[in-house]
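Written out below as structure tokens is the structure these notes cover.
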Amino acid sequence: MARTVGSWWIKDGIDGRRIEAQGFASLLGGLSQFDWTQDHGDSGVVEKDFVTTANWTERSDQVDAIMMSSHGSPNSFSVSDGSVSTSDAVDFGKNDLEVFATHACALLEHTSSNSVGRWIPAFQKLHYMCGFHNSSYSGGGQDSRGWWFAFYGAWAYYTIFGLWDMPLREAWAEANEVVEGSGVQWAYLRATSDSAPTYNERLRGSEPADPTSGRRFLTARGSC
Amino acid sequence: MPIPFRDIDFRVELPDIPSAMPAAVTEGQCSHERVEAMRTLAAVLDIDDAIEVTLPFGHALAGQAGQVEFFAASGAVRARNIPLLSRFDDERRDWPDVEKVETDEGISYQLGRRTGDRLLGEARELLGRAGLADDGVADVDVVLGRWAMLDEKGRERESGPGRATVRMSYAVEGTPLIGAGAKTNLHYDPVDGRPTLARMFHVHRKVVDVREVRTGGTEEAFSAFLADPFLEEKSGRGGRIVVTAVRAGLLALPADTPQRVAYPALAVEGTVESLKDDRKGGYEVRFGRYVPAASPEALRRAGVAVPTPNDEDAGRSRSR
């Protein structure tokens, strides 16, 4: 069975934000290993897609990997009806989600006064949260970010003799190196365990084991 | 309706933007100009089984040991050492010479001078050998990535240095090229005590002409920023626009994008404060924006008319 991907985007006057999220899902959706099953834009991006809500299955948790393009800050990211914050009941991966990648500025900022550990409660069985330590940019040609993440994460591997075989954390770094200036710092937060190590996890058509018990969390960042 | 300049809360010293700035007419390098660079990088990465592969954005020399890619839109070159990207079990990197530095964000790491200089020397030697040692280098530094291990409660238990990156930025007649499309990064991991190239990326289009474009000075250069639809909308709903960083320069578009003119632009970072969520109260969002610092009319007068960034986002044709 193919793994599923989704795109969530809020344009805010820049159509490139839609292209950025859909570029990820559409490129992967063209592979037999993935299906693009969720696509939500502007007013269709709602809080209950991400926050546990009674009598509702979060659409974000009906896919394996998400690319989302909206605004953010260290403690929240924006949706059309407000924001999703670290104080909300976010339970990524309680059903399916393994990779949450977002353009949102500074969502993964990690400092001595504000640990990125504030997002750990959002990790049910989530493997990776990919984002930025500081502000990412719009308006200067950043719309291909999602396409590059999909290209290096899986498309090139499946299409070109298995040669582009790189971990998804490297794919995230390389995607952002194409579209951001070197002052921007990509970042990720990952869950891992001895029985389900995620450091060298790939974005592939088969389901990886979930880190659920004896978990540790690692964050890393680098220059784009 | 544009936001009045006086309504912006500038929490950073504004750069003194001159009333006229250069605009650079650029050309990406052709494939044949990068043949030697690609062969050199393939040899450095021991890609001895390389095949030539056509890609959606250009072509590559590719093998089990890695790839060297050429970006047709800009002449950019990218290379990676595939086995090295998965060699380690986690983010730890055992650099022989690392210093802890106390910063506003907490402890950071930097290479000691001896190792940093050695890395810089190796990077320069490689770029020279590959024919990628371009003129116009504005700044060079060596930075270390940073990792941290956290427990379930989010407390930092351990931290350390990650991959080392030699970074180069570029300028045209003293004006920095900003954006994604003018930089060189060489990323190194320590293997058996030696810095080893893990990845590299070089994008720097040739400058074939320089024109002068009127910006009108600092306040006028912010016109496009003040008319940003997202910021206008948030300001109209009571959001306070706070600017925390401004950099003026010539916007170099990403390597996957054809570009004829690098025009005057601002890179602006900030926060929209005092936003209201009906159920949760106040929140804020941060932003990073590239905006033109010269009007379309000023660019036309200088003979370098270009689409605005938003036009480009909506209608740009890419090389892939």
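Within each chain, counting starts at residue 1; across the structure tokens, chains are named A, B, ... in the order shown, with ligands numbered 1 upward in that order.
Those residues of range 68-210 of chain A that DSSP, working from the backbone, places in alpha helix (DSSP H) are Arg145, Gly146, Trp147, Trp148, Phe149, Ala150, Ala156, Tyr157, Tyr158, Thr159, Leu168, Arg169, Glu170, Ala171, Trp172, Ala173, Glu174, Ala175, Asn176, Glu177, Val178 and Val179 of chain A.
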Any chance you could export the current selection's N, CA and C atoms as a PDB file, in the first residue's frame?
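Contents of the output file out-v5.pdb:
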```pdb
ATOM      1  N   ARG A 145      10.443  25.167  -2.466  1.00  0.00           N
ATOM      2  CA  ARG A 145      10.974  24.459  -1.283  1.00  0.00           C
ATOM      3  C   ARG A 145      10.423  23.024  -1.175  1.00  0.00           C
ATOM      4  N   GLY A 146       9.106  22.895  -1.276  1.00  0.00           N
ATOM      5  CA  GLY A 146       8.491  21.572  -1.122  1.00  0.00           C
ATOM      6  C   GLY A 146       8.884  20.617  -2.236  1.00  0.00           C
ATOM      7  N   TRP A 147       9.001  21.172  -3.447  1.00  0.00           N
ATOM      8  CA  TRP A 147       9.415  20.341  -4.590  1.00  0.00           C
ATOM      9  C   TRP A 147      10.800  19.760  -4.334  1.00  0.00           C
ATOM     10  N   TRP A 148      11.717  20.589  -3.841  1.00  0.00           N
ATOM     11  CA  TRP A 148      13.085  20.116  -3.584  1.00  0.00           C
ATOM     12  C   TRP A 148      13.111  19.086  -2.447  1.00  0.00           C
ATOM     13  N   PHE A 149      12.301  19.310  -1.426  1.00  0.00           N
ATOM     14  CA  PHE A 149      12.256  18.349  -0.314  1.00  0.00           C
ATOM     15  C   PHE A 149      11.803  16.980  -0.838  1.00  0.00           C
ATOM     16  N   ALA A 150      10.790  17.001  -1.695  1.00  0.00           N
ATOM     17  CA  ALA A 150      10.304  15.744  -2.266  1.00  0.00           C
ATOM     18  C   ALA A 150      11.326  15.145  -3.240  1.00  0.00           C
ATOM     19  N   ALA A 156      14.086  11.471  -6.525  1.00  0.00           N
ATOM     20  CA  ALA A 156      15.322  11.143  -7.252  1.00  0.00           C
ATOM     21  C   ALA A 156      15.750   9.709  -6.969  1.00  0.00           C
ATOM     22  N   TYR A 157      15.552   9.264  -5.730  1.00  0.00           N
ATOM     23  CA  TYR A 157      15.914   7.885  -5.367  1.00  0.00           C
ATOM     24  C   TYR A 157      15.109   6.885  -6.206  1.00  0.00           C
ATOM     25  N   TYR A 158      13.796   7.081  -6.248  1.00  0.00           N
ATOM     26  CA  TYR A 158      12.952   6.116  -6.947  1.00  0.00           C
ATOM     27  C   TYR A 158      13.067   6.222  -8.467  1.00  0.00           C
ATOM     28  N   THR A 159      13.466   7.387  -8.950  1.00  0.00           N
ATOM     29  CA  THR A 159      13.447   7.618 -10.392  1.00  0.00           C
ATOM     30  C   THR A 159      14.800   7.351 -11.039  1.00  0.00           C
ATOM     31  N   LEU A 168      16.079  11.768   5.251  1.00  0.00           N
ATOM     32  CA  LEU A 168      15.158  12.895   5.053  1.00  0.00           C
ATOM     33  C   LEU A 168      15.657  14.179   5.706  1.00  0.00           C
ATOM     34  N   ARG A 169      16.451  14.071   6.783  1.00  0.00           N
ATOM     35  CA  ARG A 169      16.996  15.291   7.398  1.00  0.00           C
ATOM     36  C   ARG A 169      17.941  16.002   6.440  1.00  0.00           C
ATOM     37  N   GLU A 170      18.686  15.224   5.630  1.00  0.00           N
ATOM     38  CA  GLU A 170      19.580  15.837   4.643  1.00  0.00           C
ATOM     39  C   GLU A 170      18.763  16.451   3.508  1.00  0.00           C
ATOM     40  N   ALA A 171      17.670  15.771   3.136  1.00  0.00           N
ATOM     41  CA  ALA A 171      16.813  16.307   2.076  1.00  0.00           C
ATOM     42  C   ALA A 171      16.221  17.653   2.490  1.00  0.00           C
ATOM     43  N   TRP A 172      15.835  17.768   3.765  1.00  0.00           N
ATOM     44  CA  TRP A 172      15.293  19.033   4.269  1.00  0.00           C
ATOM     45  C   TRP A 172      16.369  20.127   4.215  1.00  0.00           C
ATOM     46  N   ALA A 173      17.574  19.790   4.625  1.00  0.00           N
ATOM     47  CA  ALA A 173      18.667  20.775   4.595  1.00  0.00           C
ATOM     48  C   ALA A 173      18.983  21.193   3.159  1.00  0.00           C
ATOM     49  N   GLU A 174      19.045  20.224   2.258  1.00  0.00           N
ATOM     50  CA  GLU A 174      19.400  20.558   0.872  1.00  0.00           C
ATOM     51  C   GLU A 174      18.292  21.362   0.192  1.00  0.00           C
ATOM     52  N   ALA A 175      17.043  21.028   0.484  1.00  0.00           N
ATOM     53  CA  ALA A 175      15.926  21.780  -0.106  1.00  0.00           C
ATOM     54  C   ALA A 175      16.014  23.246   0.298  1.00  0.00           C
ATOM     55  N   ASN A 176      16.287  23.471   1.559  1.00  0.00           N
ATOM     56  CA  ASN A 176      16.315  24.849   2.041  1.00  0.00           C
ATOM     57  C   ASN A 176      17.581  25.588   1.627  1.00  0.00           C
ATOM     58  N   GLU A 177      18.635  24.856   1.377  1.00  0.00           N
ATOM     59  CA  GLU A 177      19.850  25.503   0.880  1.00  0.00           C
ATOM     60  C   GLU A 177      19.612  26.088  -0.507  1.00  0.00           C
ATOM     61  N   VAL A 178      18.734  25.463  -1.297  1.00  0.00           N
ATOM     62  CA  VAL A 178      18.441  26.005  -2.628  1.00  0.00           C
ATOM     63  C   VAL A 178      17.668  27.316  -2.518  1.00  0.00           C
ATOM     64  N   VAL A 179      16.706  27.404  -1.602  1.00  0.00           N
ATOM     65  CA  VAL A 179      15.752  28.518  -1.652  1.00  0.00           C
ATOM     66  C   VAL A 179      15.970  29.603  -0.597  1.00  0.00           C
TER      67      VAL A 179
END
```
**Study point:** Residue hits in chain A, query chain B, radius 8 Å, only C-alpha atoms, as an MDAnalysis selection string
**Key:** chainID A and resid 12:16 71:73 76:78 81:83 105:106 110:113 115:118 120 135:143 163:167 170 177:182 199:200 215:223
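The closest residue to Val90 in chain A, picked from A:Ser213, A:Asp61, A:Asn114, A:Ile66 and counting only C-alpha atoms, is A:Asp61.
Interatomic distance, CA of Ala248 in chain B against CA of Cys224 in chain A: 19.3 Å.
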Exercise for review: Might you pull out every residue within 10 Å of Ser69 in chain A, with only C-alpha atoms counted and same-chain residues fewer than 5 positions away left off, and present them as a PyMOL selection string?
Suggested key: chain A and resi 7-11+16-22+41+77-79+101-105+143+145-146
For the residues selected in the previous step, produce a file with C-alpha atoms as a compact mmCIF listing (two decimals), in the first residue's frame.
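Generated file (selection.txt):
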```
# COMPACT_ATOMS: atom_id res chain seq x y z
CA SER A 7 -0.38 19.82 1.56
CA TRP A 8 -1.70 22.65 3.71
CA TRP A 9 -1.13 26.25 2.62
CA ILE A 10 -2.19 29.82 3.34
CA LYS A 11 -1.24 32.18 0.54
CA GLY A 16 4.22 30.79 -4.05
CA ARG A 17 3.09 29.55 -0.65
CA ARG A 18 0.51 27.32 -2.32
CA ILE A 19 3.09 26.16 -4.86
CA GLU A 20 5.54 25.44 -2.04
CA ALA A 21 3.24 23.02 -0.22
CA GLN A 22 1.61 21.47 -3.26
CA GLY A 41 -5.72 25.93 1.27
CA PHE A 77 1.71 28.33 13.70
CA SER A 78 -1.16 30.09 12.03
CA VAL A 79 -4.30 28.54 10.56
CA ALA A 101 7.45 19.83 7.56
CA THR A 102 6.65 23.51 7.65
CA HIS A 103 7.82 26.84 6.34
CA ALA A 104 6.57 28.56 9.52
CA CYS A 105 9.18 30.96 10.87
CA ASP A 143 8.11 28.59 -3.78
CA ARG A 145 10.97 24.46 -1.28
CA GLY A 146 8.49 21.57 -1.12
```
Study note, to complete from the structure: Expressed in Å, the length from CA of Lys94 in chain A to CA of Phe123 in chain A is 8.4 Å
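Once Gly58 in chain B and its same-chain neighbours fewer than 2 positions away are set aside, Thr54, Leu55, Pro56, Ala60, Glu69, Phe70, Phe71, Ala72, Ala73, Ser319 and Arg320 of chain B remain within 8 Å of it when counting only C-alpha atoms.
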Exercise for review: For Glu98 in chain A, list every protein, DNA or RNA residue within 7 Å, evaluated using only C-alpha atoms, and leave out those in the same chain fewer than 3 positions away; present the list as a PyMOL selection string.
Suggested key: chain A and resi 64-65+93+125-128
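The spacing separating CA of Glu58 in chain A from CA of Trp36 in chain A amounts to 16.3 Å.
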**Study point:** Pick from A:Thr37, A:Ala154, A:Asn95, A:Gln185, whichever lies nearest to Gly205 in chain A using only C-alpha atoms
**Key:** A:Ala154
Practice item. Find the spatial neighbours of Val191 in chain B, counting only C-alpha atoms, within a cut-off of 9 Å - ignore same-chain residues fewer than 5 positions away - and output them as a ChimeraX atom specification. Key: /B:84,93-94,196
Check your understanding: If we count only C-alpha atoms, what is near Ser206 in chain A at a cut-off of 9 Å, once residues fewer than 5 positions away on the same chain are taken out, given as JSON, numbers by chain?
Key -> {"A": [1, 2, 3, 33]}
Point to revise | Per-residue DSSP, range 85-175 of chain A, filtered to strand (DSSP E), as number ranges by chain | key: A: 85, 99-102, 128-132
